[in-house]
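Worksheet: one structure, shown below.
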Amino acid sequence: MTLNDLLPPIRGFQYNFAFIDEGVKKEIRRALLKAVALPGHQVPFASPELPIARGWGTGGLQVTMSIIGPDDVLKIIDQGCDGSVNAVNLRKLLVATTGIRTTFDSREATVLQSRHRLPEIPLRSDQVAVLQVPLPEPLRLVEPSEVETRRMHSEGDYARMWVSLYEDVVQHGAVSLGAGYPVRVNGNYIMSPSPLPRWDLRMLNDAEHLTLLGAGREKRVYAVPPHTSVRPLEFEDQPFTVENFAGMTCARCGSTGTFLDEIYDEKTGLATRVCSDSGFCDLVREGAVPRRGRLAHG
Amino acid sequence: MGYVAVQGGTTAIENSRKLNRYLRLRGESAPLTVSQIMEQMAPLVDRVMGEGGLYSPFHAALAIKQASGDPIEAAFLLRAYRSTLRRLVDSLPVRTETMRISRRISAAFKTIPGGQVLGSTSDYEQRILDFSLADETVETQKEVVHDFEAGARPGEEAPEPAEFRKVVEMLREQGLVPPVPDRPSPQPTDITQESPAFPLDRSGRLQMLARAETGGVLALAYSSMRGYGNIHPTVGELRVGRVTVQIPHPWRKGTAITLGSVSITEVEIVAKTAPQDSEEAKPTFALGYGSCFGHNEVKAISLGVLDRAMRSPSPRAPAEDHEFVLLHTDGVESSGFCSHFKLPHYVTFQADLDQLRAMRENEE
């Protein structure tokens, strides 16, 4: 063997299946196994750079790249939508480096990668949700130092988190957190649920499916295994509430029990509402699934 | 209707890519060649290699061309490319005493063993726009090169010593700076192979600093020099040149294979007195160390200052805090996160909007 044999060619470079090399994939899978064994615990991993910018889903992407195989069917959504520019971009990279089949129908997907939403149709046990996470540390709200937050998690020292929620209630009459509402996983670690809207948290609790969360820039993965309790932090006399879409209807499919985006008409400036889950909305319009007739949250 | 059309994203992204390329090339000038960038924008190439964490002038120059000269974007391209390269072996530690010097200065002593070498610098140039450069031609280029080479008379120079002793070593011999500590573990941390855990050891810190964005480390080091902290550095020694990179021979134990050389900038700064180990110990200066790929003096000095600041026994200022410095100076990470805020946040904003509206109702 000569030294030249060891060096990669400058041009005509062949990328590995799913871009990252098998050694790195193994390392990520090892971190994921640890994450599954410790629900809600943030496991560090090396997180090499990808051809996608930090903060644009590199954590989710690395998780997907390390678990995906040639027979998988992939769905990628961004804030609920298959056609959002970043979802398109990430899908393009994964298809270019794997050649696998993709779908907009969440029921067909074996791996579903998402930024900040879970699909309206609950996932099954043969499906994996991969969530892209910008800020994995729920305690960052009250403590800037990583050394300190890791200590707080390991000692279950969550007093400052509770105090901050209490102060919120005192000052604002309610907990003012919108998306990314902190949850307690398996009665143990406090976890940042990607920033899912509060609406989606019930779909993490006692779910059929495995959820893997990846934060590329912060170099952490964590997981919610199937049938694990995921409870939003709440006080007995200040119950947790989800987004209120009472009396609102999707202008595209007529559903009333889905998470709705507010859309402003370009001409009239009037607000209308449409399903944030574009795949679900399209299925209803095609008649493939029944329209949601009542609030899923009662 | 404002609904994100499912096919709209794909077409828009593709068209945007085409527009980028069009804007770069629509002028009438000839396309920049990679070798032009390598030769005529060497400091930019060096900076991108350092922040990209990959020593390859060709790939760095190509990245600069692709990024239309944006250094952070170019470093990002290089890092992403680096992720696809197989790691073969760890090199042996580089002995910078054996550097082939192209520039070497000390702000601590007027004369140093081996001598000061001013080399190439714009430090003493008056920053006056040189309009003659606007008319530079191949002829003027040849003339400049010919005149310089004719003026250089290598025969008259004293033969270059094989090793330049470190200025700091002189201070160390007198006991004025602490002895080199024994490394706690023979295997240094590798920030590209594991997520940095804090408190991070010095090998990890120096690695993160070496890949940090020049402007970022400059800002934090400046804060320490100016008043948030108290590091007034004396540049004990700054050297620029090429060092030889060797790897251990795979089977002939104790021998090494030379792969080639890389150009680096190395700085040792002397600043403040070091914390004393015991009451009886005499006071010493503390050192700050910085080194990075290529010729980038502002960065290397900033790294030296930050290395010293981060070893403060009782950190108070931002530049003395490991997490503050190291987690916020990586250009690829910070620029990526900063630009991600341009992505749609319809759902998360809807969730916040709903919460705010509910709170306003509570007030009534």
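Ordering of the structure tokens sets the chain letters (A, B, ...), residue numbers begin anew at 1 in every chain, and ligands are numbered from 1 in the order given.
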*Skip Gly260 (chain B) itself and residues of its chain fewer than 2 positions away, then list as a VMD selection string all residues within 8 Å of it, counting only C-alpha atoms.*
chain B and resid 244 to 246 258 262
Any chance you can output those residues with N, CA and C atoms as a tab-separated table (two decimals), in the first residue's frame?
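To be explicit, this is the file written out as result21.tsv:
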```tsv
chain	number	residue	atom	x	y	z
B	244	THR	N	6.81	20.72	9.84
B	244	THR	CA	6.72	19.40	9.24
B	244	THR	C	5.72	18.55	9.99
B	245	VAL	N	4.86	17.85	9.25
B	245	VAL	CA	3.88	16.95	9.87
B	245	VAL	C	4.33	15.51	9.65
B	246	GLN	N	4.44	14.79	10.77
B	246	GLN	CA	4.89	13.40	10.68
B	246	GLN	C	3.88	12.48	11.35
B	258	THR	N	7.38	11.35	7.21
B	258	THR	CA	7.04	12.75	6.98
B	258	THR	C	5.99	12.84	5.87
B	262	VAL	N	2.82	22.08	6.86
B	262	VAL	CA	1.70	23.02	6.87
B	262	VAL	C	2.21	24.36	7.37
```
*asked:* Set the cut-off to 8 Å and count only C-alpha atoms: what are the residues of chain A that reach chain B? Output as number ranges by chain.
replied: A: 6, 8, 15, 19-21, 44-51, 53-56, 79-86, 88-89, 116-117, 145-147, 172-174, 176-179, 195-198, 217, 219, 243-244, 261-266, 274, 276
*Measuring atom to atom with only C-alpha atoms, identify which of B:Leu133, B:Ala212, B:Ile269, B:Val243 is nearest to Ile105 (chain B).*
B:Ile269
*region 34-143 of chain A: residues DSSP assigns to alpha helix (DSSP H), reported as a ChimeraX atom specification*: /A:34-37,58-67,85-98
*List every residue of region 48-254 of chain A that DSSP, applied to the backbone of this structure, places in strand (DSSP E or B), and write the result as a ChimeraX atom specification.*
/A:73-78,81,101-102,111-115,128-132,183-185,189-191,210-215,220-224,230-232,235,238
Using C-alpha atoms, can you export the residues from the last selection as a CSV table (one decimal), in the first residue's frame?
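Saved to part24.csv:
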```
chain,number,residue,atom,x,y,z
A,73,VAL,CA,-39.9,5.1,3.3
A,74,LEU,CA,-39.3,8.6,4.4
A,75,LYS,CA,-41.5,11.6,5.1
A,76,ILE,CA,-40.0,15.0,5.9
A,77,ILE,CA,-42.0,17.9,7.2
A,78,ASP,CA,-41.1,21.4,8.4
A,81,CYS,CA,-45.6,21.0,5.8
A,101,ARG,CA,-38.7,6.3,-1.5
A,102,THR,CA,-40.3,9.3,0.0
A,111,VAL,CA,-39.2,7.1,9.2
A,112,LEU,CA,-40.7,10.6,9.7
A,113,GLN,CA,-38.4,13.5,10.2
A,114,SER,CA,-39.9,16.7,11.4
A,115,ARG,CA,-39.2,20.2,12.5
A,128,VAL,CA,-40.1,6.2,14.0
A,129,ALA,CA,-40.4,10.0,14.5
A,130,VAL,CA,-37.2,12.0,14.2
A,131,LEU,CA,-37.4,15.5,15.6
A,132,GLN,CA,-35.0,18.3,14.8
A,183,VAL,CA,-42.2,18.0,29.9
A,184,ARG,CA,-41.3,15.4,32.5
A,185,VAL,CA,-40.4,12.1,30.9
A,189,TYR,CA,-35.8,13.9,33.5
A,190,ILE,CA,-37.3,17.3,32.4
A,191,MET,CA,-37.0,17.4,28.6
A,210,LEU,CA,-40.4,5.7,19.2
A,211,THR,CA,-39.4,9.4,19.1
A,212,LEU,CA,-35.7,10.3,18.5
A,213,LEU,CA,-34.6,13.9,19.0
A,214,GLY,CA,-31.4,15.3,17.5
A,215,ALA,CA,-29.7,18.6,18.2
A,220,ARG,CA,-27.0,16.0,21.8
A,221,VAL,CA,-29.5,13.2,21.1
A,222,TYR,CA,-32.4,12.1,23.3
A,223,ALA,CA,-35.4,9.8,23.0
A,224,VAL,CA,-38.9,9.0,24.1
A,230,VAL,CA,-44.6,12.5,28.9
A,231,ARG,CA,-46.2,15.0,31.2
A,232,PRO,CA,-46.1,18.8,30.8
A,235,PHE,CA,-49.4,23.0,39.0
A,238,GLN,CA,-52.9,25.9,37.1
```
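One finds CA of Leu233 (chain A) at 6.3 Å from CA of Pro182 (chain A).
By chain and then residue number, the residues within 10 Å of Ser56 (chain B) are Val45, Asp46, Val48, Met49, Gly50, Ala61, Leu78 and Val262 of chain B, counting only C-alpha atoms and disregarding those fewer than 5 positions away in sequence.
The spacing separating CA of Pro226 (chain A) from CA of Arg291 (chain A) amounts to 27.1 Å.
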*asked:* Can you tell me which residues surround Thr149 (chain A) at a distance of at most 10 Å, considering only C-alpha atoms, apart from same-chain residues fewer than 3 positions away, and format the answer as a ChimeraX atom specification?
replied: /A:137-140,142-146,152-155,157-158
Let me see the file: selected residues, C-alpha atoms, as a CSV table (one decimal), in the first residue's frame.
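Below is the file selection.csv, written as the result:
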```csv
chain,number,residue,atom,x,y,z
A,137,GLU,CA,-31.7,22.0,27.2
A,138,PRO,CA,-35.0,22.9,28.9
A,139,LEU,CA,-33.2,24.3,31.9
A,140,ARG,CA,-31.4,26.9,29.7
A,142,VAL,CA,-33.1,29.4,34.1
A,143,GLU,CA,-29.4,28.5,33.8
A,144,PRO,CA,-26.9,29.4,31.0
A,145,SER,CA,-24.1,27.1,32.0
A,146,GLU,CA,-24.0,23.6,30.6
A,152,MET,CA,-29.2,19.8,37.9
A,153,HIS,CA,-30.4,16.9,35.7
A,154,SER,CA,-28.2,14.4,37.4
A,155,GLU,CA,-29.4,15.4,40.8
A,157,ASP,CA,-32.6,19.5,41.0
A,158,TYR,CA,-35.5,21.1,39.2
```
_Given only C-alpha atoms as the basis, pick out the residue of B:Arg172, B:Ile301, B:Met208, B:Pro233 nearest to Thr189 (chain B)._
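Of all the options, B:Met208 lies closest to Thr189 (chain B).
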*Report the distance between CA of Thr284 (chain B) and CA of Pro93 (chain B) in Å, rounded to one decimal place.*
26.6 Å
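Minimum atom-to-atom distances from A:Ser66, A:Thr249, A:Ser194, A:Asn16 to Leu32 (chain A) were compared using only C-alpha atoms, and the lowest value belongs to A:Ser66.
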